[in-house]
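Before any comments, here is the structure.
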Amino acid sequence: MTLLSPESDYSGLPVTVMGLGRFSGGVAVARFFAERGAKVTVTDLRSESVLADSVAELANVPIERFVLGQHTEDCFRGCRLLVVNPAVKPDDSWVRLATEHGSELTTEIDVFLQHQQGIVVAVTGSNGKSTTTALIHHLLTRTQTDHRAWLGGNIGMSLLGSLSDIQPSDVVVLELSSFQLEFLRRKRFRPHVAVLTNFTPNHLDWHGSLDHYRTAKQGIFAAQRSTDFSILPSSVERSDWRIRGKLLEFGLEDSGNDGAVISEGQLILRRERGTLEEAVRLSVPPQLPGHHNRENVAAACLAAWLVDGQPEKF
């Protein structure tokens, strides 16, 4: 049984955060557990001087101890929960040490997903995922009045500090890397809307093979159900992806399939086997040049539409 759940009591739980980093993720997750009574150890191979800003952010947080400039065995032997930076490989020797001693593994984004209540739109891809994620958030922020849209994951700041503000009707838009998805797929991560922007060989030094990289990306779709939405570019080979949600595609040529197409200044959105369709005039901003950005816009408009964005305001 997982130690992570909204009902869990973290008081006294030995937690090690492996990788404080210079951005918000390590700081946010260390704060999250420490403020809930856990005994938090923070360890990072970088020195205290390099991590000074991050350490300063935790100055008033009851962190049990910092082990910086090195990792030591006691950081991993005694923890019940190990929070790893997504870039750490699953076969890392320190991770193995922790799991051999009974530690449960998690990541900052997994902690967030286990505790948040919103509707999740997740975006991944070899290229264009930051642009597409930001566009979805922008469209929802501009067109939704009853619900709030949140931006997180591999883009922006950690959302852990906003957990109490995120309502069940809010939309949480997450950019997710293959590193993050490699872990989340093992936790049966299930976004309501999942977007693959494209797929080309990338990060093979970390994944080891193209098949492993594809399997990690597949994690965005793997646990979806028939009531969820799976968005793929029309250019990818369908047989390469196992889809359980409602399949929609996006591109620049209208195939007549469910999804989104941008052509000659018009956006066409179609779902439910064509029984629901909307067509609006749409001008792609000049700061998003090229065919690839028009495809990103199509994917973003489709995802936003599926969670009640209003196309006439796109």
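For the structure tokens, the naming scheme is as follows: chains receive sequential letters (A, B, ...) according to their order of presentation, residues are indexed from 1 within each chain, and ligands are indexed from 1 in presentation order.
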
Can you pull out the residues contacting stretch 128-143 of chain A? Cut-off 10 Å, using only C-alpha atoms, and skip same-chain residues under 4 positions away; I want them as number ranges by chain. A: 121-124, 147-156, 171-177, 195-198, 288, 292-293, 295-305, 307-314

Per residue of stretch 65-163 of chain A within 7 Å of stretch 5-24 of chain A, which atom pair is closest and at what distance in Å (one decimal), using only C-alpha atoms, listed by chain and increasing number, as CSV?
```
residue,atom,partner,partner_atom,distance
A:Cys75,CA,A:Thr16,CA,6.5
A:Cys79,CA,A:Pro14,CA,4.8
A:Arg80,CA,A:Pro14,CA,5.4
A:Leu81,CA,A:Val15,CA,4.8
A:Leu82,CA,A:Thr16,CA,5.0
A:Val83,CA,A:Val17,CA,4.7
A:Val84,CA,A:Met18,CA,4.9
A:Asn85,CA,A:Gly19,CA,5.6
A:Gln114,CA,A:Ser5,CA,5.8
A:His115,CA,A:Pro6,CA,5.2
A:Met157,CA,A:Ser24,CA,5.8
A:Ser158,CA,A:Ser24,CA,5.7
```

In stretch 82-284 of chain A, DSSP strand (DSSP E or B) residues written as a ChimeraX atom specification: /A:82-84,104-106,119-124,149-153,171-175,193-196,229-233,246-251,259-263,266-271,276-281

Generate a file of the selected residues that holds C-alpha atoms, formatted as a compact mmCIF listing (two decimals), in the first residue's frame.
```txt
# COMPACT_ATOMS: atom_id res chain seq x y z
CA LEU A 82 12.46 8.68 -1.17
CA VAL A 83 11.58 11.66 -3.36
CA VAL A 84 13.81 11.55 -6.43
CA GLU A 104 8.89 3.77 -1.39
CA LEU A 105 9.88 5.93 -4.37
CA THR A 106 8.07 9.05 -5.48
CA ILE A 119 -9.10 17.97 -13.91
CA VAL A 120 -5.72 17.07 -15.42
CA VAL A 121 -4.65 17.91 -18.96
CA ALA A 122 -1.19 16.43 -19.59
CA VAL A 123 1.13 17.23 -22.50
CA THR A 124 4.25 15.42 -23.65
CA ALA A 149 -6.68 26.99 -14.94
CA TRP A 150 -3.33 26.09 -13.37
CA LEU A 151 0.02 25.62 -15.12
CA GLY A 152 2.67 23.22 -13.84
CA GLY A 153 4.79 20.13 -14.31
CA VAL A 171 -8.16 22.47 -14.84
CA VAL A 172 -4.52 21.60 -14.13
CA VAL A 173 -2.38 21.77 -17.28
CA LEU A 174 0.90 19.87 -16.94
CA GLU A 175 3.92 19.59 -19.19
CA VAL A 193 -6.90 14.70 -21.48
CA ALA A 194 -3.52 13.45 -22.74
CA VAL A 195 -1.65 15.15 -25.60
CA LEU A 196 1.32 13.85 -27.58
CA PHE A 229 -9.39 11.80 -24.34
CA SER A 230 -6.16 10.84 -26.13
CA ILE A 231 -4.81 13.42 -28.60
CA LEU A 232 -2.18 12.46 -31.18
CA PRO A 233 -0.73 14.21 -34.24
CA LYS A 246 -11.29 8.52 -27.05
CA LEU A 247 -8.83 9.07 -29.88
CA LEU A 248 -8.61 12.49 -31.53
CA GLU A 249 -5.98 13.81 -33.92
CA PHE A 250 -4.65 17.21 -34.93
CA GLY A 251 -2.93 18.49 -38.03
CA GLY A 259 -9.91 16.17 -33.68
CA ALA A 260 -8.66 19.57 -34.81
CA VAL A 261 -7.37 20.98 -38.07
CA ILE A 262 -6.12 24.46 -38.93
CA SER A 263 -6.38 25.29 -42.61
CA GLN A 266 -10.01 28.34 -40.05
CA LEU A 267 -10.03 26.07 -37.01
CA ILE A 268 -12.26 23.02 -37.25
CA LEU A 269 -12.97 21.02 -34.07
CA ARG A 270 -14.75 17.68 -34.25
CA ARG A 271 -15.63 14.93 -31.72
CA LEU A 276 -20.17 17.61 -32.50
CA GLU A 277 -18.35 20.11 -34.69
CA GLU A 278 -17.34 23.74 -34.44
CA ALA A 279 -15.61 25.93 -37.02
CA VAL A 280 -14.18 29.36 -36.21
CA ARG A 281 -11.84 31.83 -37.87
```

Separation of atom CA of A:His71 from atom CA of A:Val42, in Å and rounded to one decimal: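 Atom CA of A:His71 sits 9.6 Å away from atom CA of A:Val42.
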
At what distance in Å, to one decimal, does atom CA of A:Arg65 lie from atom CA of A:Pro86? 21.9 Å
